[in-house]
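*Asks:* Just dropping this structure here.
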Amino acid sequence: MNILILGSGGREHALTWAVKQNPKCDRLIVAPGNAGIAQIAECAALDIEDGGAVASFAAENAIDFVIIGPEAPLACGVADRLREAGLLVFGPSAGAARLEASKSFTKEICDAANAPTAGYGHFTDAEAAKAHIRANGAPIVVKADGLAAGKGVIVAMTEQEALDAIDDMFGGAFGGAGAEVVIEEFMEGEEASLFVLVDGEEVLSVGTAQDHKRVGEGDTGPNTGGMGAYSPAPVLSAEIERIAMDEIVKPTMAEMVKRGVPFQGILYAGLMIKDGQPRLVEYNVRYGDPECQVLMLRLGAQAFDLIHAAAEGRLAETSVNWADDHAMTVVMAANGYPGSYEKGSEIKGLNILPDDSSQVVFHAGTKADGDKIVASGGRVLNVTARGATLQEARDRAYAMAESIDWPEGFYRNDIGWRAL
């Protein structure tokens, strides 16, 4: 098959790495890709949010199957446009992608499906939002309703912090994403992620993970897109996973079918777990980043077979073969991230690192500058390893991170601390 993957981050490098190993893959193009992806696949300059341009490119290159990595093209209907052109696509329609693109829509669906989640209010007016905060106090969670690249969530531990978040959001700090806000009760517990393939109503769990959202060690400091992750998530036991599937995921997917917007793709359920009971924090409609990196390392070539089955509506006859292993990824980010940071610094030492089925560096924000690799984003590398135990995976990942020569970057030294 000729396969096109849309995206340019660490998630897409991990997807590319897994797909490339599958014998069904003949030609593999990634648009726009990055410096690491370019080492294992063709890269193409393409506006991946322009469905017409992607459809034309697919026709010109005899593409059989398109895998959409990030949320933005999904939210703006690229999957719909490609399906209209007769292409096989992995990823939900714009209507179904509202499960991530609109937090108020997700709350409405959860209410209808009776799925346990945080109590909330939805506001289009700053003063009404502030009145709700004053009435409920802190801690409280303020979320931009739309897509904010993983940064539009403020867990406010004080009332003032929450009120400031309202000013920021309605003041345009997150662009159009913050024109409406959802304010939620603060849920206590431990957070973990459940990944589920869906082909309409049929669902198949394809792994659990935990990520570290905060920039600082001990899970302190501002939220980021994720500073590291590991899989499986010990807190998400088989019994808790069963409850989450039966009480949250399956009812949600049934409600989407009922509304005429069946979901097809990967559903990422962020769960808060307390006393053995999961509640939904949020849905994402794509693989998490950096969680995808640990899942792909554990799944290997079969990841493509699973994705292909979901796209073709064959999940009922599909199963996952898990090794009894663990994986961890450590994010190397540019100094200053998630605030302002410099681009263009050279990263040395990548070419001498191990690169095999249990150790690989996935590139996130990199580009080639002649024969040099330079940083071009905030989160730059995902140093990823697996092992028979989480400790073994951790030791391998950190040994690689320590041998990368990049003084302009930093990483957390405590990824996996909760589990270890």
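Here, A, B, ... name the chains of the structure tokens in the order displayed, residue numbers run from 1 inside each chain, and ligands are numbered from 1 in the same displayed order.
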Could you give me, as a ChimeraX atom specification, the residues within 12 Å of A:Ser102, counting only C-alpha atoms and dropping anything in the same chain fewer than 4 positions from it?

*Replies:* /A:71,75,94-98,106-109,122,143-148,152,176-182,282-285

*Asks:* Using C-alpha atoms, can you write the selected residues to a file as a PDB file, in the first residue's frame?

*Replies:*
```pdb
ATOM      1  CA  GLU A  71      -6.209  17.294  15.846  1.00  0.00           C
ATOM      2  CA  ALA A  75     -11.362  19.571  13.388  1.00  0.00           C
ATOM      3  CA  ALA A  94     -15.225  17.076  11.696  1.00  0.00           C
ATOM      4  CA  GLY A  95     -18.554  16.356  13.413  1.00  0.00           C
ATOM      5  CA  ALA A  96     -17.079  13.527  15.490  1.00  0.00           C
ATOM      6  CA  ALA A  97     -13.853  15.478  16.112  1.00  0.00           C
ATOM      7  CA  ARG A  98     -15.934  17.926  18.168  1.00  0.00           C
ATOM      8  CA  THR A 106     -18.202  16.639  25.041  1.00  0.00           C
ATOM      9  CA  LYS A 107     -19.971  17.573  28.275  1.00  0.00           C
ATOM     10  CA  GLU A 108     -23.316  17.531  26.481  1.00  0.00           C
ATOM     11  CA  ILE A 109     -22.565  14.060  25.063  1.00  0.00           C
ATOM     12  CA  HIS A 122     -20.271  26.626  30.024  1.00  0.00           C
ATOM     13  CA  LYS A 143     -10.696  25.312  30.110  1.00  0.00           C
ATOM     14  CA  ALA A 144     -10.734  27.092  26.760  1.00  0.00           C
ATOM     15  CA  ASP A 145     -13.643  25.464  24.911  1.00  0.00           C
ATOM     16  CA  GLY A 146     -11.758  25.034  21.606  1.00  0.00           C
ATOM     17  CA  LEU A 147      -8.401  23.648  20.475  1.00  0.00           C
ATOM     18  CA  ALA A 148      -5.427  25.269  22.218  1.00  0.00           C
ATOM     19  CA  GLY A 152      -5.819  25.775  27.224  1.00  0.00           C
ATOM     20  CA  GLY A 176     -10.497  31.768  19.150  1.00  0.00           C
ATOM     21  CA  ALA A 177     -10.224  28.686  21.381  1.00  0.00           C
ATOM     22  CA  GLY A 178     -10.882  30.837  24.455  1.00  0.00           C
ATOM     23  CA  ALA A 179     -13.929  32.731  23.131  1.00  0.00           C
ATOM     24  CA  GLU A 180     -15.985  30.288  25.203  1.00  0.00           C
ATOM     25  CA  VAL A 181     -14.909  28.577  28.418  1.00  0.00           C
ATOM     26  CA  VAL A 182     -15.892  25.511  30.385  1.00  0.00           C
ATOM     27  CA  GLU A 282     -11.427  14.873  28.504  1.00  0.00           C
ATOM     28  CA  TYR A 283     -11.511  13.157  25.156  1.00  0.00           C
ATOM     29  CA  ASN A 284      -8.934  13.640  22.432  1.00  0.00           C
ATOM     30  CA  VAL A 285      -9.616  12.350  18.928  1.00  0.00           C
TER      31      VAL A 285
END
```

*Asks:* What lies within 8 Å of A:Glu346 using only C-alpha atoms, ignoring chain neighbours under 2 positions off, as a ChimeraX atom specification?

*Replies:* /A:344,348,372-375,406

*Asks:* Tell me, which residues of stretch 20-171 of chain A carry DSSP alpha helix (DSSP H), written as JSON, numbers by chain?

*Replies:* {"A": [20, 51, 52, 53, 54, 55, 56, 57, 58, 59, 60, 71, 72, 73, 74, 75, 78, 79, 80, 81, 82, 83, 84, 98, 99, 100, 101, 103, 104, 105, 106, 107, 108, 109, 110, 111, 112, 113, 126, 127, 128, 129, 130, 131, 132, 133, 134, 135, 136, 159, 160, 161, 162, 163, 164, 165, 166, 167, 168, 169, 170]}

*Asks:* For A:Pro290, list every protein, DNA or RNA residue within 8 Å, evaluated using only C-alpha atoms, and leave out those in the same chain fewer than 2 positions away; present the list as a PDB file with C-alpha atoms, in the first residue's frame.

*Replies:*
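This is the output file result_31.pdb:
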```pdb
ATOM      1  CA  GLY A  10       6.902  13.138  17.733  1.00  0.00           C
ATOM      2  CA  ARG A  11       3.557  11.353  17.454  1.00  0.00           C
ATOM      3  CA  ASP A 211       1.994  11.319  30.942  1.00  0.00           C
ATOM      4  CA  GLY A 226       3.591  16.666  27.925  1.00  0.00           C
ATOM      5  CA  MET A 227       7.134  16.165  29.256  1.00  0.00           C
ATOM      6  CA  GLY A 228       7.199  12.371  29.184  1.00  0.00           C
ATOM      7  CA  ALA A 229       5.047   9.266  29.377  1.00  0.00           C
ATOM      8  CA  GLY A 288      -1.689  11.577  22.562  1.00  0.00           C
ATOM      9  CA  CYS A 292       1.771   7.611  21.128  1.00  0.00           C
ATOM     10  CA  GLN A 293       5.531   7.162  21.276  1.00  0.00           C
ATOM     11  CA  VAL A 294       5.411   4.575  24.072  1.00  0.00           C
ATOM     12  CA  THR A 329       9.623   8.375  26.702  1.00  0.00           C
ATOM     13  CA  VAL A 331      10.793  14.738  26.284  1.00  0.00           C
ATOM     14  CA  ASN A 382      11.243  12.083  22.528  1.00  0.00           C
TER      15      ASN A 382
END
```

*Asks:* Please list as a ChimeraX atom specification every residue within 9 Å of A:Asp50, counting only C-alpha atoms and excluding residues in the same chain fewer than 4 positions away.

*Replies:* /A:46,54-55,73,76-78

*Asks:* Put those residues in a file: C-alpha atoms, as an mmCIF file, in the first residue's frame.

*Replies:*
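selection-v9.cif was written with the following content:
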```
data_model
loop_
_atom_site.group_PDB
_atom_site.id
_atom_site.type_symbol
_atom_site.label_atom_id
_atom_site.label_comp_id
_atom_site.auth_asym_id
_atom_site.auth_seq_id
_atom_site.Cartn_x
_atom_site.Cartn_y
_atom_site.Cartn_z
ATOM 1 C CA LEU A 46 1.826 20.306 2.162
ATOM 2 C CA VAL A 54 -4.281 16.861 0.506
ATOM 3 C CA ALA A 55 -6.807 15.080 -1.752
ATOM 4 C CA PRO A 73 -6.837 18.833 10.327
ATOM 5 C CA CYS A 76 -11.388 21.416 10.077
ATOM 6 C CA GLY A 77 -12.811 18.475 8.122
ATOM 7 C CA VAL A 78 -9.827 17.086 6.210
#
```

*Asks:* Got a sec: who's within 7 Å of stretch 409-417 of chain A, counting only C-alpha atoms, leaving out chain neighbours fewer than 2 positions off, as a list in words?

*Replies:*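 So the residues in contact are Gly216, Glu217, Gly228, Ala229, Tyr230, Val330, Val331, Met332, Ala333, Ala334, Asn335, Trp406, Pro407, Ala419 and Leu420 of chain A.
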
*Asks:* Go ahead and write the selection's residues with all heavy atoms as a short mmCIF file (atom, residue, chain, number, x, y, z; two decimals), in the first residue's frame.

*Replies:*
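What follows is the written file selection.cif:
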```
data_model
loop_
_atom_site.label_atom_id
_atom_site.label_comp_id
_atom_site.auth_asym_id
_atom_site.auth_seq_id
_atom_site.Cartn_x
_atom_site.Cartn_y
_atom_site.Cartn_z
N GLY A 216 7.81 20.99 35.47
CA GLY A 216 8.83 20.81 36.50
C GLY A 216 8.77 19.47 37.19
O GLY A 216 7.74 18.78 37.19
N GLU A 217 9.89 19.09 37.82
CA GLU A 217 9.96 17.81 38.52
C GLU A 217 9.01 17.79 39.70
O GLU A 217 8.70 18.83 40.28
CB GLU A 217 11.42 17.54 38.91
CG GLU A 217 12.23 17.37 37.64
CD GLU A 217 13.69 16.98 37.82
OE1 GLU A 217 14.10 16.74 38.96
OE2 GLU A 217 14.37 16.91 36.79
N GLY A 228 6.78 13.77 29.17
CA GLY A 228 7.20 12.37 29.18
C GLY A 228 6.00 11.49 29.44
O GLY A 228 4.94 11.97 29.85
N ALA A 229 6.15 10.20 29.17
CA ALA A 229 5.05 9.27 29.38
C ALA A 229 5.59 7.86 29.52
O ALA A 229 6.73 7.57 29.16
CB ALA A 229 4.07 9.33 28.20
N TYR A 230 4.73 6.98 30.06
CA TYR A 230 5.11 5.57 30.16
C TYR A 230 3.86 4.72 29.98
O TYR A 230 2.72 5.17 30.19
CB TYR A 230 5.81 5.27 31.48
CG TYR A 230 5.08 5.74 32.72
CD1 TYR A 230 4.25 4.88 33.44
CD2 TYR A 230 5.22 7.06 33.15
CE1 TYR A 230 3.59 5.34 34.58
CE2 TYR A 230 4.56 7.51 34.29
CZ TYR A 230 3.74 6.64 34.99
OH TYR A 230 3.09 7.09 36.11
N VAL A 330 11.05 10.21 27.32
CA VAL A 330 11.47 11.42 28.03
C VAL A 330 11.55 12.54 27.00
O VAL A 330 12.25 12.42 25.99
CB VAL A 330 12.84 11.22 28.70
CG1 VAL A 330 13.31 12.52 29.35
CG2 VAL A 330 12.78 10.09 29.73
N VAL A 331 10.81 13.61 27.22
CA VAL A 331 10.79 14.74 26.28
C VAL A 331 11.96 15.67 26.58
O VAL A 331 12.16 16.09 27.72
CB VAL A 331 9.46 15.51 26.37
CG1 VAL A 331 9.53 16.81 25.57
CG2 VAL A 331 8.31 14.64 25.88
N MET A 332 12.73 15.97 25.53
CA MET A 332 13.76 17.01 25.62
C MET A 332 13.18 18.26 24.97
O MET A 332 12.75 18.23 23.81
CB MET A 332 15.05 16.57 24.92
CG MET A 332 15.67 15.35 25.55
SD MET A 332 17.32 14.94 24.89
CE MET A 332 18.35 16.17 25.69
N ALA A 333 13.13 19.34 25.74
CA ALA A 333 12.50 20.58 25.29
C ALA A 333 13.52 21.72 25.27
O ALA A 333 14.56 21.65 25.94
CB ALA A 333 11.33 20.94 26.21
N ALA A 334 13.20 22.75 24.51
CA ALA A 334 14.07 23.92 24.44
C ALA A 334 13.99 24.72 25.74
O ALA A 334 12.90 24.89 26.30
CB ALA A 334 13.65 24.79 23.26
N ASN A 335 15.14 25.20 26.21
CA ASN A 335 15.16 26.02 27.42
C ASN A 335 14.14 27.16 27.29
O ASN A 335 14.11 27.86 26.28
CB ASN A 335 16.55 26.61 27.66
CG ASN A 335 17.57 25.55 28.05
OD1 ASN A 335 17.20 24.49 28.54
ND2 ASN A 335 18.85 25.83 27.82
N TRP A 406 23.21 18.74 23.82
CA TRP A 406 22.33 19.86 23.46
C TRP A 406 22.13 20.76 24.67
O TRP A 406 21.14 20.67 25.37
CB TRP A 406 20.99 19.32 22.92
CG TRP A 406 20.07 20.39 22.44
CD1 TRP A 406 20.38 21.51 21.73
CD2 TRP A 406 18.65 20.45 22.67
NE1 TRP A 406 19.26 22.26 21.49
CE2 TRP A 406 18.17 21.63 22.04
CE3 TRP A 406 17.74 19.62 23.31
CZ2 TRP A 406 16.83 22.00 22.06
CZ3 TRP A 406 16.39 19.98 23.33
CH2 TRP A 406 15.95 21.17 22.70
N PRO A 407 23.09 21.64 24.95
CA PRO A 407 23.01 22.49 26.14
C PRO A 407 21.82 23.44 26.14
O PRO A 407 21.42 23.94 27.19
CB PRO A 407 24.34 23.25 26.15
CG PRO A 407 24.96 23.04 24.81
CD PRO A 407 24.36 21.80 24.22
N ALA A 419 4.80 5.67 39.31
CA ALA A 419 4.78 4.20 39.16
C ALA A 419 5.98 3.55 39.82
O ALA A 419 5.88 2.44 40.36
CB ALA A 419 4.72 3.84 37.69
N LEU A 420 7.12 4.24 39.80
CA LEU A 420 8.34 3.64 40.35
C LEU A 420 8.47 3.85 41.86
O LEU A 420 9.20 3.16 42.52
CB LEU A 420 9.57 4.23 39.63
CG LEU A 420 9.68 3.83 38.17
CD1 LEU A 420 10.70 4.70 37.44
CD2 LEU A 420 10.10 2.36 38.05
#
```

*Asks:* In Å to one decimal, how far is atom CA of A:Ala79 from atom CA of A:Thr384?

*Replies:*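 Atom CA of A:Ala79 lies 29.6 Å from atom CA of A:Thr384.
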